[in-house]
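Participant: Okay, so here is start28.cif, and as you'll see once you scroll down, it has mmCIF, C-alpha atoms.
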data_upload
loop_
_atom_site.label_atom_id
_atom_site.label_comp_id
_atom_site.auth_asym_id
_atom_site.auth_seq_id
_atom_site.Cartn_x
_atom_site.Cartn_y
_atom_site.Cartn_z
CA ASP A 1142 0.00 0.00 0.00
CA GLN A 1143 1.34 3.34 -1.05
CA GLN A 1144 1.44 5.88 1.74
CA VAL A 1145 2.48 8.74 -0.55
CA LYS A 1146 0.72 9.00 -3.88
CA GLN A 1147 1.44 11.14 -6.89
CA ASN A 1148 -1.38 10.27 -9.25
CA SER A 1149 -0.19 12.24 -12.26
CA PRO A 1150 2.80 10.54 -13.91
CA SER A 1151 3.39 13.54 -16.14
CA LEU A 1152 2.49 17.20 -16.60
CA SER A 1153 3.16 19.53 -19.51
CA VAL A 1154 3.10 23.30 -19.05
CA GLN A 1155 3.92 26.30 -21.20
CA GLU A 1156 6.87 28.45 -20.17
CA GLY A 1157 5.77 31.35 -17.98
CA ARG A 1158 2.61 29.63 -16.75
CA ILE A 1159 2.00 28.00 -13.39
CA SER A 1160 2.88 24.35 -12.75
CA ILE A 1161 0.89 22.58 -10.04
CA LEU A 1162 2.08 19.19 -8.85
CA ASN A 1163 -0.09 17.24 -6.46
CA CYS A 1164 0.57 14.69 -3.75
CA ASP A 1165 -1.75 12.75 -1.45
CA TYR A 1166 -0.84 10.78 1.64
CA THR A 1167 -2.61 8.28 3.83
CA ASN A 1168 -0.63 8.25 7.09
CA SER A 1169 -1.94 10.86 9.51
CA MET A 1170 1.26 10.51 11.54
CA PHE A 1171 3.33 12.19 8.83
CA ASP A 1172 4.62 15.44 10.29
CA TYR A 1173 7.00 16.74 7.64
CA PHE A 1174 6.78 16.87 3.87
CA LEU A 1175 9.41 17.55 1.24
CA TRP A 1176 9.66 17.96 -2.51
CA TYR A 1177 12.67 16.74 -4.45
CA LYS A 1178 13.59 17.37 -8.06
CA LYS A 1179 15.48 14.81 -10.14
CA TYR A 1180 17.25 15.22 -13.45
CA PRO A 1181 18.24 12.14 -15.48
CA ALA A 1182 21.43 10.41 -14.29
CA GLU A 1183 21.51 12.49 -11.10
CA GLY A 1184 20.31 11.91 -7.56
CA PRO A 1185 17.22 13.74 -6.26
CA THR A 1186 17.85 17.32 -5.11
CA PHE A 1187 15.98 18.85 -2.19
CA LEU A 1188 13.66 21.64 -3.31
CA ILE A 1189 11.33 22.80 -0.54
CA SER A 1190 9.69 21.43 2.60
CA ILE A 1191 6.83 22.10 4.98
CA SER A 1192 6.07 21.15 8.55
CA SER A 1193 2.62 19.84 9.43
CA ILE A 1194 2.09 22.84 11.70
CA LYS A 1195 2.06 25.13 8.66
CA ASP A 1196 -0.16 25.29 5.61
CA LYS A 1197 2.13 27.18 3.26
CA ASN A 1198 5.83 27.63 2.65
CA GLU A 1199 7.31 29.80 -0.07
CA ASP A 1200 10.79 29.97 -1.56
CA GLY A 1201 11.17 32.15 -4.61
CA ARG A 1202 9.18 30.68 -7.49
CA PHE A 1203 8.27 27.59 -5.44
CA THR A 1204 5.39 27.38 -2.97
CA VAL A 1205 4.16 24.29 -1.16
CA PHE A 1206 0.64 24.13 0.24
CA LEU A 1207 -0.49 21.61 2.83
CA ASN A 1208 -4.11 20.66 3.51
CA LYS A 1209 -3.96 18.32 6.49
CA SER A 1210 -7.67 17.60 6.63
CA ALA A 1211 -7.57 16.39 3.03
CA LYS A 1212 -4.12 14.78 3.46
CA HIS A 1213 -3.03 16.64 0.36
CA LEU A 1214 -0.13 18.82 -0.59
CA SER A 1215 0.77 20.63 -3.74
CA LEU A 1216 3.81 22.31 -5.24
CA HIS A 1217 3.28 25.46 -7.26
CA ILE A 1218 5.97 26.73 -9.59
CA VAL A 1219 5.39 30.18 -11.03
CA PRO A 1220 6.52 31.24 -13.51
CA SER A 1221 7.59 27.89 -14.93
CA GLN A 1222 10.87 27.77 -16.83
CA PRO A 1223 12.25 25.16 -19.26
CA GLY A 1224 14.99 24.37 -16.72
CA ASP A 1225 12.28 23.20 -14.33
CA SER A 1226 11.68 20.18 -16.57
CA ALA A 1227 12.48 17.20 -14.34
CA VAL A 1228 10.83 14.50 -12.25
CA TYR A 1229 9.40 15.82 -8.99
CA PHE A 1230 9.06 13.55 -5.97
CA CYS A 1231 6.89 14.18 -2.95
CA ALA A 1232 8.23 12.69 0.30
CA ALA A 1233 6.95 12.44 3.87
CA SER A 1234 8.34 11.60 7.28
CA ASP A 1235 6.46 10.30 10.32
CA ARG A 1236 9.23 10.09 12.83
CA GLY A 1237 11.08 13.33 12.58
CA GLN A 1238 14.51 12.10 11.75
CA GLY A 1239 13.39 8.74 10.44
CA ASN A 1240 13.40 7.64 6.85
CA LEU A 1241 11.50 9.48 4.14
CA ILE A 1242 8.76 7.78 2.16
CA PHE A 1243 8.59 8.85 -1.47
CA GLY A 1244 5.86 8.99 -4.08
CA LYS A 1245 6.40 7.64 -7.60
CA GLY A 1246 7.09 11.06 -9.03
CA THR A 1247 5.59 13.38 -11.63
CA LYS A 1248 7.54 14.22 -14.78
CA LEU A 1249 7.19 17.93 -15.51
CA SER A 1250 7.86 19.22 -19.02
CA VAL A 1251 7.99 22.99 -19.47
CA LYS A 1252 7.76 23.92 -23.13
CA PRO A 1253 9.30 27.15 -24.46
CA ASP B 9 30.78 20.64 1.35
CA THR B 10 31.77 18.27 -1.45
CA GLY B 11 28.41 16.52 -1.57
CA VAL B 12 27.63 12.83 -1.29
CA SER B 13 29.89 10.67 -3.41
CA GLN B 14 28.99 7.22 -4.70
CA ASP B 15 31.24 4.73 -6.41
CA PRO B 16 30.98 3.21 -8.95
CA ARG B 17 28.47 5.16 -11.05
CA HIS B 18 27.65 2.12 -13.12
CA LYS B 19 28.10 -1.61 -12.52
CA ILE B 20 27.25 -4.46 -14.86
CA THR B 21 27.52 -7.89 -13.31
CA LYS B 22 26.56 -11.44 -14.13
CA ARG B 23 23.78 -13.10 -12.18
CA GLY B 24 25.15 -14.86 -9.13
CA GLN B 25 28.11 -12.55 -8.64
CA ASN B 26 28.64 -10.36 -5.56
CA VAL B 27 28.83 -6.59 -5.85
CA THR B 28 29.79 -3.86 -3.40
CA PHE B 29 28.99 -0.18 -3.60
CA ARG B 30 30.55 2.64 -1.62
CA CYS B 31 29.09 5.88 -0.33
CA ASP B 32 31.00 8.80 1.15
CA PRO B 33 28.57 11.15 2.91
CA ILE B 34 29.01 14.82 3.68
CA SER B 35 31.53 14.83 6.51
CA GLU B 36 29.44 16.55 9.18
CA HIS B 37 26.33 14.47 8.48
CA ASN B 38 25.82 11.72 11.06
CA ARG B 39 22.83 10.08 9.35
CA LEU B 40 23.25 7.91 6.24
CA TYR B 41 20.58 6.23 4.16
CA TRP B 42 20.48 3.70 1.33
CA TYR B 43 17.58 3.75 -1.11
CA ARG B 44 16.80 1.80 -4.25
CA GLN B 45 14.99 3.21 -7.27
CA THR B 46 13.59 1.28 -10.20
CA LEU B 47 12.08 2.66 -13.40
CA GLY B 48 8.84 4.54 -12.81
CA GLN B 49 9.11 4.31 -9.05
CA GLY B 50 10.20 6.67 -6.33
CA PRO B 51 13.19 5.90 -4.12
CA GLU B 52 12.47 2.99 -1.75
CA PHE B 53 14.09 2.91 1.67
CA LEU B 54 16.58 0.12 2.33
CA THR B 55 18.49 0.96 5.49
CA TYR B 56 19.59 3.79 7.80
CA PHE B 57 22.66 4.47 9.92
CA GLN B 58 23.14 6.99 12.66
CA ASN B 59 26.89 7.25 13.03
CA GLU B 60 28.08 3.63 12.90
CA ALA B 61 24.86 2.09 14.21
CA GLN B 62 22.45 0.54 11.72
CA LEU B 63 19.13 1.62 13.23
CA GLU B 64 16.58 0.50 10.68
CA LYS B 65 16.32 -2.00 7.85
CA SER B 66 13.50 -2.36 5.35
CA ARG B 67 11.91 -5.70 4.60
CA LEU B 68 13.19 -5.03 1.07
CA LEU B 69 16.68 -5.73 2.42
CA SER B 70 16.83 -9.49 2.00
CA ASP B 71 19.53 -11.62 3.59
CA ARG B 72 21.57 -11.24 0.40
CA PHE B 73 22.01 -7.54 1.18
CA SER B 74 24.31 -6.21 3.86
CA ALA B 75 25.35 -2.68 4.71
CA GLU B 76 28.07 -1.36 6.95
CA ARG B 77 29.28 1.99 8.14
CA PRO B 78 32.52 1.42 10.01
CA LYS B 79 33.58 4.29 12.24
CA GLY B 80 30.53 6.28 11.19
CA SER B 81 32.16 7.58 8.03
CA PHE B 82 31.75 5.96 4.60
CA SER B 83 29.29 3.15 4.03
CA THR B 84 29.23 0.05 1.84
CA LEU B 85 26.29 -1.87 0.48
CA GLU B 86 26.98 -5.44 -0.62
CA ILE B 87 24.66 -7.64 -2.62
CA GLN B 88 25.52 -11.32 -2.68
CA ARG B 89 24.42 -13.76 -5.39
CA THR B 90 22.89 -11.01 -7.50
CA GLU B 91 19.61 -11.62 -9.30
CA GLN B 92 18.12 -9.83 -12.31
CA GLY B 93 15.55 -8.25 -10.00
CA ASP B 94 18.37 -6.45 -8.21
CA SER B 95 18.90 -4.25 -11.28
CA ALA B 96 18.15 -0.72 -10.11
CA MET B 97 19.66 2.62 -9.16
CA TYR B 98 21.09 2.46 -5.63
CA LEU B 99 21.03 5.86 -3.97
CA CYS B 100 22.90 6.96 -0.88
CA ALA B 101 21.88 10.03 1.09
CA SER B 102 23.14 11.76 4.21
CA ALA B 103 21.64 14.27 6.61
CA ARG B 104 22.48 16.28 9.69
CA ARG B 105 21.14 15.21 13.05
CA ASP B 106 18.69 18.13 13.22
CA HIS B 107 17.56 18.32 9.60
CA TYR B 108 14.78 16.50 7.79
CA GLY B 109 16.12 16.94 4.30
CA TYR B 110 18.59 14.54 2.79
CA THR B 111 21.41 15.21 0.36
CA PHE B 112 21.52 12.44 -2.22
CA GLY B 113 24.47 11.18 -4.20
CA SER B 114 24.23 10.57 -7.93
CA GLY B 115 23.64 6.87 -7.38
CA THR B 116 25.11 3.60 -8.61
CA ARG B 117 23.23 2.03 -11.49
CA LEU B 118 23.40 -1.77 -11.24
CA THR B 119 22.59 -3.99 -14.20
CA VAL B 120 22.49 -7.74 -13.62
CA VAL B 121 22.74 -9.76 -16.83
#
Can you present the structure in this file as structure tokens?

Facilitator:
Amino acid sequence: DQQVKQNSPSLSVQEGRISILNCDYTNSMFDYFLWYKKYPAEGPTFLISISSIKDKNEDGRFTVFLNKSAKHLSLHIVPSQPGDSAVYFCAASDRGQGNLIFGKGTKLSVKP
Amino acid sequence: DTGVSQDPRHKITKRGQNVTFRCDPISEHNRLYWYRQTLGQGPEFLTYFQNEAQLEKSRLLSDRFSAERPKGSFSTLEIQRTEQGDSAMYLCASARRDHYGYTFGSGTRLTVV
């Protein structure tokens, strides 16, 4: 059973528009959520995170929203750039410094 | 901060052979993780070290897999009697004691033929 779900395997967006990547989770004990970006032949790179005590965290063009009641989080990228094209993974932790549980990823393509 | 280093980047081995991968974490990071990633999947947790102590192992880590982190520095992951199903990207990550986020290495891609 998947505890972290990314139901959209891929997303295509025009340059300059907003990209919205979604993630759902089932474990109500998760207390920290992260987004990672992965380019081919590289390891995942940390992008942005949010604690369960917050509902929004912003870092430049990237904003993560958390809806605990719906067990849903989303990553907004605005404006999207071609260099943002990558696979984005949602991850969650339920024990603070324990291991992260990852979703299957969403491949974002930003077209010029 | 030189990042997390993994060696080798690629490994092709015949079924039944043993392979060993190495991970050098960021020096001040006391936590070290091994993950495995197959095509179309997210990284799957294998095992976790805090300093030299192996604190957690996934059920994915069969008895053919063993990991060590002597002296709490670099780590090795050994797979004995490799099977075709072991073909995957093996990712190492490290983290500080007080930080949720990991820093991943570039991974070792294993192909078992």

Participant: So which residues touch Pro1185 (chain A) within 9 Å, counting all atoms listed in the file, skipping near sequence neighbours fewer than 6 positions away, as a list in words?

Facilitator: Tyr1177, Lys1178, Lys1179, Val1228, Tyr1229 and Phe1230 of chain A; Thr111, Phe112, Gly113 and Ser114 of chain B

Participant: Can you measure CA of Cys1231 (chain A) to CA of Val1205 (chain A) for me? One decimal in Å is fine.

Facilitator: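 Computed distance, CA of Cys1231 (chain A) to CA of Val1205 (chain A), equals 10.6 Å.
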
Participant: Hey, can you check how far CA of Gly11 (chain B) sits from CA of Thr55 (chain B)?

Facilitator: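 Calculated distance between CA of Gly11 (chain B) and CA of Thr55 (chain B) is 19.8 Å.
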
Participant: Could you please tell me, as an MDAnalysis selection string, which residues of chain A have an atom within 10 Å of chain B when using only C-alpha atoms?

Facilitator: chainID A and resid 1145 1147 1150 1173:1177 1179 1181:1190 1192 1228:1234 1236:1248

Participant: Running the PyMOL selection byres ((chain B and resi 89) around 8) on this model by hand, what would come out? Give it as a list in words.

Facilitator: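 Matching residues under the PyMOL selection byres ((chain B and resi 89) around 8) are Arg23, Gly24, Gln25, Asn26, Arg72, Ile87, Gln88, Thr90 and Glu91 of chain B.
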
Participant: Is it possible to get the residues within 8 Å of (20.2, -5.4, 0.8) (coordinates as in the file, counting all atoms listed in the file) written as an mmCIF file with C-alpha atoms, in the coordinates of the input?

Facilitator:
data_model
loop_
_atom_site.group_PDB
_atom_site.id
_atom_site.type_symbol
_atom_site.label_atom_id
_atom_site.label_comp_id
_atom_site.auth_asym_id
_atom_site.auth_seq_id
_atom_site.Cartn_x
_atom_site.Cartn_y
_atom_site.Cartn_z
ATOM 1 C CA LEU B 54 16.580 0.120 2.330
ATOM 2 C CA LEU B 68 13.190 -5.030 1.070
ATOM 3 C CA LEU B 69 16.680 -5.730 2.420
ATOM 4 C CA SER B 70 16.830 -9.490 2.000
ATOM 5 C CA ASP B 71 19.530 -11.620 3.590
ATOM 6 C CA ARG B 72 21.570 -11.240 0.400
ATOM 7 C CA PHE B 73 22.010 -7.540 1.180
ATOM 8 C CA SER B 74 24.310 -6.210 3.860
ATOM 9 C CA ALA B 75 25.350 -2.680 4.710
ATOM 10 C CA LEU B 85 26.290 -1.870 0.480
ATOM 11 C CA GLU B 86 26.980 -5.440 -0.620
ATOM 12 C CA ILE B 87 24.660 -7.640 -2.620
#

Participant: What does the structure give for the distance between CA of Ala1211 (chain A) and CA of Gln1143 (chain A), in Å to one decimal?

Facilitator: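 CA of Ala1211 (chain A) sits 16.3 Å away from CA of Gln1143 (chain A).
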
Participant: Do you know which residues are at most 9 Å from Asn38 (chain B) counting all atoms listed in the file, after dropping those on the same chain fewer than 4 positions away, and could you put them as a list of chain:residue names?

Facilitator: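 The residues that qualify are B:Pro33, B:Ile34, B:Phe57, B:Gln58, B:Asn59, B:Glu60, B:Gly80, B:Ser81, B:Ser102, B:Ala103, B:Arg104, B:Arg105.
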
Participant: Given the choices B:Gln14, B:Thr21, B:Val27, B:Asp32, which gets closest to Gln92 (chain B) if the distance is worked out from only C-alpha atoms?

Facilitator: B:Thr21

Participant: Quick one: apply the PyMOL selection byres ((chain A and resi 1162) around 6) to the file and drop the selected residues here as a list in words.

Facilitator: Ile1161, Asn1163, Ser1215 and Leu1216 of chain A

Participant: Given only C-alpha atoms as the basis, pick out the residue of A:Asp1172, A:His1213, A:Asp1165, A:Val1219 nearest to Ile1191 (chain A).

Facilitator: A:Asp1172

Participant: I'd like the residues picked by the PyMOL selection byres ((chain A and resi 1152) around 6) written out as a CSV table (one decimal) with C-alpha atoms, in the coordinates of the input, using the chain letters and numbers from the file.

Facilitator:
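Result went into result24.csv, see below:
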chain,number,residue,atom,x,y,z
A,1151,SER,CA,3.4,13.5,-16.1
A,1153,SER,CA,3.2,19.5,-19.5
A,1249,LEU,CA,7.2,17.9,-15.5

Participant: From the set A:Ile1194, A:Val1251, A:Cys1164, A:Ala1227, which residue has the shortest atom-to-atom contact distance to Lys1212 (chain A), counting only C-alpha atoms?

Facilitator: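 Looking only at the distances to Lys1212 (chain A), the closest residue turns out to be A:Cys1164.
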
Participant: When distances are computed from all atoms listed in the file, which of B:Lys19, B:Thr119, B:Ser13, B:Cys31 shows the smallest separation from Arg77 (chain B)?

Facilitator: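 For Arg77 (chain B), the nearest of the candidates is B:Cys31.
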
Participant: Counting only C-alpha atoms, figure out which residue out of B:Leu118, B:Ser95, B:Lys22, B:Thr10 gets nearest to His37 (chain B).

Facilitator: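 Counting only C-alpha atoms, the residue closest to His37 (chain B) is B:Thr10.
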
Participant: For Gln1144 (chain A), list every protein, DNA or RNA residue within 7 Å, evaluated using all atoms listed in the file, and leave out those in the same chain fewer than 4 positions away; present the list as a PyMOL selection string.

Facilitator: chain A and resi 1166-1168
